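As provided, query.cif (mmCIF, C-alpha atoms; chains and numbers go by the auth columns) reads as follows.
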data_query
#
loop_
_atom_site.group_PDB
_atom_site.id
_atom_site.type_symbol
_atom_site.label_atom_id
_atom_site.label_comp_id
_atom_site.label_asym_id
_atom_site.label_seq_id
_atom_site.Cartn_x
_atom_site.Cartn_y
_atom_site.Cartn_z
_atom_site.B_iso_or_equiv
_atom_site.auth_seq_id
_atom_site.auth_asym_id
ATOM 1 C CA MET A 1 -115.746 -41.352 14.920 0.00 1 A
ATOM 2 C CA LYS A 2 -114.616 -38.860 12.281 0.00 2 A
ATOM 3 C CA GLY A 3 -110.970 -37.771 12.371 0.00 3 A
ATOM 4 C CA LEU A 4 -111.371 -34.108 13.313 0.00 4 A
ATOM 5 C CA THR A 5 -114.034 -34.846 15.924 0.00 5 A
ATOM 6 C CA LYS A 6 -111.821 -37.519 17.506 0.00 6 A
ATOM 7 C CA ILE A 7 -108.833 -35.169 17.614 0.00 7 A
ATOM 8 C CA ILE A 8 -110.920 -32.444 19.263 0.00 8 A
ATOM 9 C CA ILE A 9 -112.291 -34.912 21.828 0.00 9 A
ATOM 10 C CA ASP A 10 -108.812 -36.336 22.532 0.00 10 A
ATOM 11 C CA ILE A 11 -106.822 -33.082 22.593 0.00 11 A
ATOM 12 C CA GLY A 12 -109.544 -30.655 23.697 0.00 12 A
ATOM 13 C CA PRO A 13 -109.156 -31.200 27.449 0.00 13 A
ATOM 14 C CA LEU A 14 -105.377 -30.816 27.191 0.00 14 A
ATOM 15 C CA ALA A 15 -105.837 -27.566 25.237 0.00 15 A
ATOM 16 C CA ILE A 16 -108.267 -26.292 27.909 0.00 16 A
ATOM 17 C CA PHE A 17 -105.713 -27.200 30.585 0.00 17 A
ATOM 18 C CA PHE A 18 -102.958 -25.287 28.782 0.00 18 A
ATOM 19 C CA ILE A 19 -105.120 -22.219 28.161 0.00 19 A
ATOM 20 C CA PHE A 20 -106.156 -21.981 31.816 0.00 20 A
ATOM 21 C CA TYR A 21 -102.587 -22.664 32.946 0.00 21 A
ATOM 22 C CA THR A 22 -101.131 -19.845 30.832 0.00 22 A
ATOM 23 C CA ARG A 23 -103.791 -17.423 32.067 0.00 23 A
ATOM 24 C CA GLY A 24 -103.540 -18.407 35.736 0.00 24 A
ATOM 25 C CA GLU A 25 -102.106 -16.265 38.487 0.00 25 A
ATOM 26 C CA GLU A 26 -98.427 -16.691 39.205 0.00 26 A
ATOM 27 C CA GLY A 27 -98.006 -19.226 41.977 0.00 27 A
ATOM 28 C CA ALA A 28 -101.429 -20.806 41.362 0.00 28 A
ATOM 29 C CA LYS A 29 -101.302 -21.481 37.620 0.00 29 A
ATOM 30 C CA LEU A 30 -101.472 -25.255 37.922 0.00 30 A
ATOM 31 C CA GLN A 31 -104.261 -25.144 40.497 0.00 31 A
ATOM 32 C CA SER A 32 -106.330 -22.847 38.262 0.00 32 A
ATOM 33 C CA ALA A 33 -106.010 -25.233 35.305 0.00 33 A
ATOM 34 C CA ILE A 34 -106.909 -28.521 36.999 0.00 34 A
ATOM 35 C CA LEU A 35 -110.654 -28.039 37.528 0.00 35 A
ATOM 36 C CA PRO A 36 -111.238 -26.885 33.913 0.00 36 A
ATOM 37 C CA LEU A 37 -109.254 -29.944 32.766 0.00 37 A
ATOM 38 C CA MET A 38 -111.431 -32.217 34.903 0.00 38 A
ATOM 39 C CA ILE A 39 -114.636 -30.687 33.515 0.00 39 A
ATOM 40 C CA ALA A 40 -113.370 -30.751 29.911 0.00 40 A
ATOM 41 C CA THR A 41 -112.377 -34.400 30.322 0.00 41 A
ATOM 42 C CA ILE A 42 -115.852 -35.373 31.532 0.00 42 A
ATOM 43 C CA VAL A 43 -117.434 -33.421 28.655 0.00 43 A
ATOM 44 C CA ALA A 44 -115.114 -35.145 26.148 0.00 44 A
ATOM 45 C CA ILE A 45 -116.056 -38.595 27.475 0.00 45 A
ATOM 46 C CA LEU A 46 -119.761 -37.707 27.276 0.00 46 A
ATOM 47 C CA PHE A 47 -119.402 -36.450 23.689 0.00 47 A
ATOM 48 C CA SER A 48 -117.483 -39.589 22.776 0.00 48 A
ATOM 49 C CA TYR A 49 -120.260 -41.724 24.274 0.00 49 A
ATOM 50 C CA ILE A 50 -122.992 -39.742 22.482 0.00 50 A
ATOM 51 C CA LEU A 51 -121.225 -40.050 19.121 0.00 51 A
ATOM 52 C CA GLU A 52 -120.181 -43.701 19.368 0.00 52 A
ATOM 53 C CA LYS A 53 -122.973 -45.095 21.575 0.00 53 A
ATOM 54 C CA LYS A 54 -120.429 -46.942 23.697 0.00 54 A
ATOM 55 C CA ILE A 55 -118.212 -46.134 26.648 0.00 55 A
ATOM 56 C CA PRO A 56 -114.645 -45.454 25.478 0.00 56 A
ATOM 57 C CA ILE A 57 -112.586 -47.663 27.815 0.00 57 A
ATOM 58 C CA MET A 58 -109.127 -46.059 27.711 0.00 58 A
ATOM 59 C CA PRO A 59 -110.323 -42.425 27.765 0.00 59 A
ATOM 60 C CA THR A 60 -112.711 -43.267 30.612 0.00 60 A
ATOM 61 C CA PHE A 61 -109.861 -44.846 32.575 0.00 61 A
ATOM 62 C CA GLY A 62 -107.731 -41.763 31.887 0.00 62 A
ATOM 63 C CA ALA A 63 -110.599 -39.517 32.992 0.00 63 A
ATOM 64 C CA PHE A 64 -110.928 -41.470 36.235 0.00 64 A
ATOM 65 C CA ILE A 65 -107.221 -40.983 36.953 0.00 65 A
ATOM 66 C CA ILE A 66 -107.466 -37.265 36.109 0.00 66 A
ATOM 67 C CA LEU A 67 -110.429 -36.878 38.468 0.00 67 A
ATOM 68 C CA VAL A 68 -108.675 -38.733 41.298 0.00 68 A
ATOM 69 C CA PHE A 69 -105.319 -36.970 41.030 0.00 69 A
ATOM 70 C CA GLY A 70 -106.826 -33.622 40.108 0.00 70 A
ATOM 71 C CA GLY A 71 -109.141 -33.933 43.102 0.00 71 A
ATOM 72 C CA LEU A 72 -106.254 -34.835 45.406 0.00 72 A
ATOM 73 C CA THR A 73 -104.243 -31.879 44.109 0.00 73 A
ATOM 74 C CA ILE A 74 -107.109 -29.467 44.700 0.00 74 A
ATOM 75 C CA TYR A 75 -108.107 -30.934 48.068 0.00 75 A
ATOM 76 C CA PHE A 76 -104.593 -31.039 49.543 0.00 76 A
ATOM 77 C CA ASP A 77 -103.394 -27.971 47.602 0.00 77 A
ATOM 78 C CA ASN A 78 -100.363 -29.984 46.546 0.00 78 A
ATOM 79 C CA GLU A 79 -99.394 -30.158 42.877 0.00 79 A
ATOM 80 C CA VAL A 80 -97.219 -33.248 43.416 0.00 80 A
ATOM 81 C CA PHE A 81 -100.304 -35.461 43.004 0.00 81 A
ATOM 82 C CA PHE A 82 -101.028 -34.007 39.586 0.00 82 A
ATOM 83 C CA LYS A 83 -97.414 -34.100 38.445 0.00 83 A
ATOM 84 C CA MET A 84 -97.185 -37.780 39.345 0.00 84 A
ATOM 85 C CA LYS A 85 -100.354 -38.640 37.394 0.00 85 A
ATOM 86 C CA PRO A 86 -98.622 -39.273 34.011 0.00 86 A
ATOM 87 C CA THR A 87 -96.079 -41.512 35.721 0.00 87 A
ATOM 88 C CA ILE A 88 -98.761 -43.528 37.457 0.00 88 A
ATOM 89 C CA ILE A 89 -100.878 -43.875 34.297 0.00 89 A
ATOM 90 C CA ASN A 90 -97.867 -45.050 32.289 0.00 90 A
ATOM 91 C CA ILE A 91 -96.801 -47.545 34.946 0.00 91 A
ATOM 92 C CA ILE A 92 -100.361 -48.885 35.243 0.00 92 A
ATOM 93 C CA PHE A 93 -100.514 -49.354 31.461 0.00 93 A
ATOM 94 C CA ALA A 94 -97.146 -51.145 31.536 0.00 94 A
ATOM 95 C CA ILE A 95 -98.290 -53.417 34.383 0.00 95 A
ATOM 96 C CA ILE A 96 -101.567 -54.263 32.627 0.00 96 A
ATOM 97 C CA LEU A 97 -99.757 -55.137 29.397 0.00 97 A
ATOM 98 C CA TYR A 98 -97.154 -57.132 31.312 0.00 98 A
ATOM 99 C CA ALA A 99 -99.871 -59.060 33.156 0.00 99 A
ATOM 100 C CA GLY A 100 -101.374 -59.928 29.791 0.00 100 A
ATOM 101 C CA GLU A 101 -98.017 -61.272 28.647 0.00 101 A
ATOM 102 C CA VAL A 102 -97.638 -63.332 31.833 0.00 102 A
ATOM 103 C CA ILE A 103 -101.062 -64.966 31.466 0.00 103 A
ATOM 104 C CA LYS A 104 -100.562 -65.347 27.698 0.00 104 A
ATOM 105 C CA LYS A 105 -103.452 -63.007 26.866 0.00 105 A
ATOM 106 C CA PRO A 106 -102.148 -60.309 24.509 0.00 106 A
ATOM 107 C CA LEU A 107 -104.174 -57.370 25.800 0.00 107 A
ATOM 108 C CA LEU A 108 -102.827 -55.077 23.113 0.00 108 A
ATOM 109 C CA LYS A 109 -104.365 -57.467 20.586 0.00 109 A
ATOM 110 C CA LEU A 110 -107.715 -57.126 22.350 0.00 110 A
ATOM 111 C CA LEU A 111 -107.467 -53.330 22.093 0.00 111 A
ATOM 112 C CA LEU A 112 -106.097 -53.069 18.562 0.00 112 A
ATOM 113 C CA GLY A 113 -107.019 -56.418 17.029 0.00 113 A
ATOM 114 C CA SER A 114 -109.779 -54.955 14.904 0.00 114 A
ATOM 115 C CA ALA A 115 -107.346 -52.451 13.367 0.00 115 A
ATOM 116 C CA LEU A 116 -104.224 -54.617 13.089 0.00 116 A
ATOM 117 C CA LYS A 117 -103.747 -58.207 11.990 0.00 117 A
ATOM 118 C CA LEU A 118 -100.429 -59.476 13.352 0.00 118 A
ATOM 119 C CA SER A 119 -98.840 -62.828 14.063 0.00 119 A
ATOM 120 C CA GLU A 120 -98.713 -63.897 17.701 0.00 120 A
ATOM 121 C CA GLU A 121 -94.978 -63.174 17.712 0.00 121 A
ATOM 122 C CA GLY A 122 -95.690 -59.703 16.330 0.00 122 A
ATOM 123 C CA TRP A 123 -98.241 -58.999 19.075 0.00 123 A
ATOM 124 C CA SER A 124 -95.791 -60.177 21.724 0.00 124 A
ATOM 125 C CA ILE A 125 -92.942 -58.018 20.427 0.00 125 A
ATOM 126 C CA LEU A 126 -95.216 -54.997 20.029 0.00 126 A
ATOM 127 C CA THR A 127 -96.581 -55.461 23.540 0.00 127 A
ATOM 128 C CA LYS A 128 -93.083 -55.685 25.039 0.00 128 A
ATOM 129 C CA ARG A 129 -92.060 -52.524 23.212 0.00 129 A
ATOM 130 C CA TRP A 130 -95.123 -50.664 24.522 0.00 130 A
ATOM 131 C CA ILE A 131 -94.358 -51.891 28.035 0.00 131 A
ATOM 132 C CA ALA A 132 -90.816 -50.515 27.740 0.00 132 A
ATOM 133 C CA PHE A 133 -92.144 -47.276 26.233 0.00 133 A
ATOM 134 C CA PHE A 134 -94.653 -46.717 29.043 0.00 134 A
ATOM 135 C CA ILE A 135 -91.961 -47.340 31.670 0.00 135 A
ATOM 136 C CA ALA A 136 -89.540 -44.971 29.905 0.00 136 A
ATOM 137 C CA LEU A 137 -92.214 -42.274 29.606 0.00 137 A
ATOM 138 C CA GLY A 138 -93.029 -42.646 33.303 0.00 138 A
ATOM 139 C CA ILE A 139 -89.362 -42.298 34.225 0.00 139 A
ATOM 140 C CA LEU A 140 -88.995 -39.275 31.930 0.00 140 A
ATOM 141 C CA ASN A 141 -91.994 -37.603 33.584 0.00 141 A
ATOM 142 C CA GLU A 142 -90.475 -38.226 37.010 0.00 142 A
ATOM 143 C CA ILE A 143 -87.146 -36.734 35.951 0.00 143 A
ATOM 144 C CA ILE A 144 -88.751 -33.646 34.452 0.00 144 A
ATOM 145 C CA TRP A 145 -91.201 -32.784 37.231 0.00 145 A
ATOM 146 C CA ARG A 146 -88.606 -33.421 39.945 0.00 146 A
ATOM 147 C CA THR A 147 -85.785 -31.435 38.336 0.00 147 A
ATOM 148 C CA GLN A 148 -87.489 -28.711 36.312 0.00 148 A
ATOM 149 C CA SER A 149 -89.888 -25.833 36.936 0.00 149 A
ATOM 150 C CA THR A 150 -93.642 -26.335 36.731 0.00 150 A
ATOM 151 C CA ASP A 151 -93.669 -24.287 33.503 0.00 151 A
ATOM 152 C CA ILE A 152 -91.218 -26.694 31.874 0.00 152 A
ATOM 153 C CA TRP A 153 -93.161 -29.705 33.166 0.00 153 A
ATOM 154 C CA VAL A 154 -96.451 -28.318 31.782 0.00 154 A
ATOM 155 C CA ASN A 155 -94.821 -27.706 28.405 0.00 155 A
ATOM 156 C CA PHE A 156 -93.484 -31.267 28.456 0.00 156 A
ATOM 157 C CA LYS A 157 -96.934 -32.598 29.377 0.00 157 A
ATOM 158 C CA VAL A 158 -98.741 -30.565 26.713 0.00 158 A
ATOM 159 C CA PHE A 159 -96.187 -30.456 23.883 0.00 159 A
ATOM 160 C CA GLY A 160 -93.818 -33.334 24.639 0.00 160 A
ATOM 161 C CA ILE A 161 -95.727 -36.472 25.559 0.00 161 A
ATOM 162 C CA LEU A 162 -97.949 -36.547 22.462 0.00 162 A
ATOM 163 C CA PRO A 163 -95.118 -36.060 19.902 0.00 163 A
ATOM 164 C CA ILE A 164 -92.925 -38.588 21.743 0.00 164 A
ATOM 165 C CA THR A 165 -95.776 -41.104 21.634 0.00 165 A
ATOM 166 C CA PHE A 166 -96.414 -40.340 17.965 0.00 166 A
ATOM 167 C CA LEU A 167 -92.731 -40.846 17.090 0.00 167 A
ATOM 168 C CA PHE A 168 -92.631 -44.098 19.051 0.00 168 A
ATOM 169 C CA THR A 169 -95.734 -45.294 17.207 0.00 169 A
ATOM 170 C CA LEU A 170 -94.159 -44.400 13.846 0.00 170 A
ATOM 171 C CA SER A 171 -91.033 -46.322 14.816 0.00 171 A
ATOM 172 C CA GLN A 172 -93.144 -49.494 15.090 0.00 172 A
ATOM 173 C CA PHE A 173 -94.194 -49.546 11.429 0.00 173 A
ATOM 174 C CA SER A 174 -91.374 -51.873 10.334 0.00 174 A
ATOM 175 C CA LEU A 175 -92.416 -54.360 13.033 0.00 175 A
ATOM 176 C CA LEU A 176 -96.043 -54.086 11.972 0.00 176 A
ATOM 177 C CA LYS A 177 -95.122 -54.613 8.326 0.00 177 A
ATOM 178 C CA LYS A 178 -92.907 -57.598 9.121 0.00 178 A
ATOM 179 C CA HIS A 179 -95.512 -59.399 11.255 0.00 179 A
ATOM 180 C CA GLN A 180 -98.678 -58.316 9.460 0.00 180 A
ATOM 181 C CA ILE A 181 -101.042 -61.096 8.438 0.00 181 A
ATOM 182 C CA GLU A 182 -102.757 -60.549 5.123 0.00 182 A
ATOM 183 C CA ASP A 183 -106.508 -61.186 4.932 0.00 183 A
#

Rewrite the coordinates I just gave you, this time as structure tokens.
Amino acid sequence: MKGLTKIIIDIGPLAIFFIFYTRGEEGAKLQSAILPLMIATIVAILFSYILEKKIPIMPTFGAFIILVFGGLTIYFDNEVFFKMKPTIINIIFAIILYAGEVIKKPLLKLLLGSALKLSEEGWSILTKRWIAFFIALGILNEIIWRTQSTDIWVNFKVFGILPITFLFTLSQFSLLKKHQIED
């Protein structure tokens, strides 16, 4: 998929969420943004499928989680479900990667192996770092939504998680360079 199209598909639903959140009625801002996010997420997955002719695994998993927790939030009129969603996604990712380490199947290699050529040691180190990152991000989400206002949490979700993930990814370049296997 082309760069700009991929960015729009990846960030579009989050932008829709933020727009509807900022325009929502006081006291119901989060509720008014969840359904548009759910719809935008489904549309993004469909566009991704149409363009690539395959089901995007990670975005589809993320969409499923958004639909479940968004649905629970709307149904029970309780934003706690939605605020816990990033924590649960991050912990699930950490558990999946950890399970791969336990059974000696580097799942990160299965996901990124076509883009990166690393030694087995490199894959193991990178996987352990991503496990730690996902756990830390889950803990950070818990701290923020439990101690801060919904406005601060939404700003963290929209403007914090992506840059933190980007910076973490950049910090892995020395590891990638050290353990890269040349063709």

For range 22-70 of chain A versus range 154-175 of chain A, which residues have an atom no more than 12 Å away, and what is each residue's nearest atom pair and distance in Å rounded to one decimal, using all atoms listed in the file, chain-then-number order, as CSV?
residue,atom,partner,partner_atom,distance
A:Thr22,CA,A:Val154,CA,9.7
A:Lys29,CA,A:Val154,CA,10.2
A:Leu30,CA,A:Val154,CA,8.5
A:Ala33,CA,A:Val154,CA,10.6
A:Ile34,CA,A:Val154,CA,11.7

| request: Could you check how far CA of Phe61 in chain A sits from CA of Tyr49 in chain A, in Å to one decimal? | output: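 According to the coordinates, CA of Phe61 in chain A and CA of Tyr49 in chain A are separated by 13.7 Å.
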
| Expanded to explicit residues, what is the PyMOL selection byres ((chain A and resi 63) around 12) for this file, as a ChimeraX atom specification? | /A:10,13-14,37-46,55-62,64-71,85,89

Give the centre and edge lengths of an axis-aligned box, in Å to one decimal, that holds all listed atoms of range 118-128 of chain A with 5 Å on each side, as AutoDock Vina command-line options.
--center_x -96.7 --center_y -59.4 --center_z 19.2 --size_x 17.5 --size_y 18.9 --size_z 21.7

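When only C-alpha atoms are used to measure the gap to Thr150 in chain A, the shortest distance among A:Gln31, A:Thr87, A:Thr5, A:Ser114 belongs to A:Gln31.
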
Shell around Lys105 in chain A at 12 Å using all atoms listed in the file, local window under 3 positions removed, as a tab-separated table (two decimals) with C-alpha atoms, in the coordinates of the input:
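Result file follows (selection29.tsv):
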chain	number	residue	atom	x	y	z
A	96	ILE	CA	-101.57	-54.26	32.63
A	97	LEU	CA	-99.76	-55.14	29.40
A	98	TYR	CA	-97.15	-57.13	31.31
A	99	ALA	CA	-99.87	-59.06	33.16
A	100	GLY	CA	-101.37	-59.93	29.79
A	101	GLU	CA	-98.02	-61.27	28.65
A	102	VAL	CA	-97.64	-63.33	31.83
A	108	LEU	CA	-102.83	-55.08	23.11
A	109	LYS	CA	-104.36	-57.47	20.59
A	110	LEU	CA	-107.72	-57.13	22.35
A	111	LEU	CA	-107.47	-53.33	22.09
A	120	GLU	CA	-98.71	-63.90	17.70
A	123	TRP	CA	-98.24	-59.00	19.08
A	124	SER	CA	-95.79	-60.18	21.72
A	127	THR	CA	-96.58	-55.46	23.54

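We find CA of Ile91 in chain A and CA of Leu137 in chain A to be spaced 8.8 Å apart.
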
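Straight-line separation from CA of Ile7 in chain A to CA of Pro86 in chain A: 19.7 Å.
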
| task | Identify which of the residues A:Leu35, A:Phe76, A:Ile131, A:Leu176 lies closest to Ser119 in chain A, counting only C-alpha atoms when measuring atom-to-atom distances. | result |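 Comparing A:Leu35, A:Phe76, A:Ile131, A:Leu176 against Ser119 in chain A, the winner is A:Leu176.
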
| field | Pick from A:Phe81, A:Pro106, A:Gln180, A:Arg129, whichever lies nearest to Glu142 in chain A using all atoms listed in the file | value | A:Phe81

| message | Using only C-alpha atoms for the distances, tell me which of A:Leu112, A:Pro36, A:Ile143, A:Asp151 is nearest to Ile16 in chain A. | response | A:Pro36
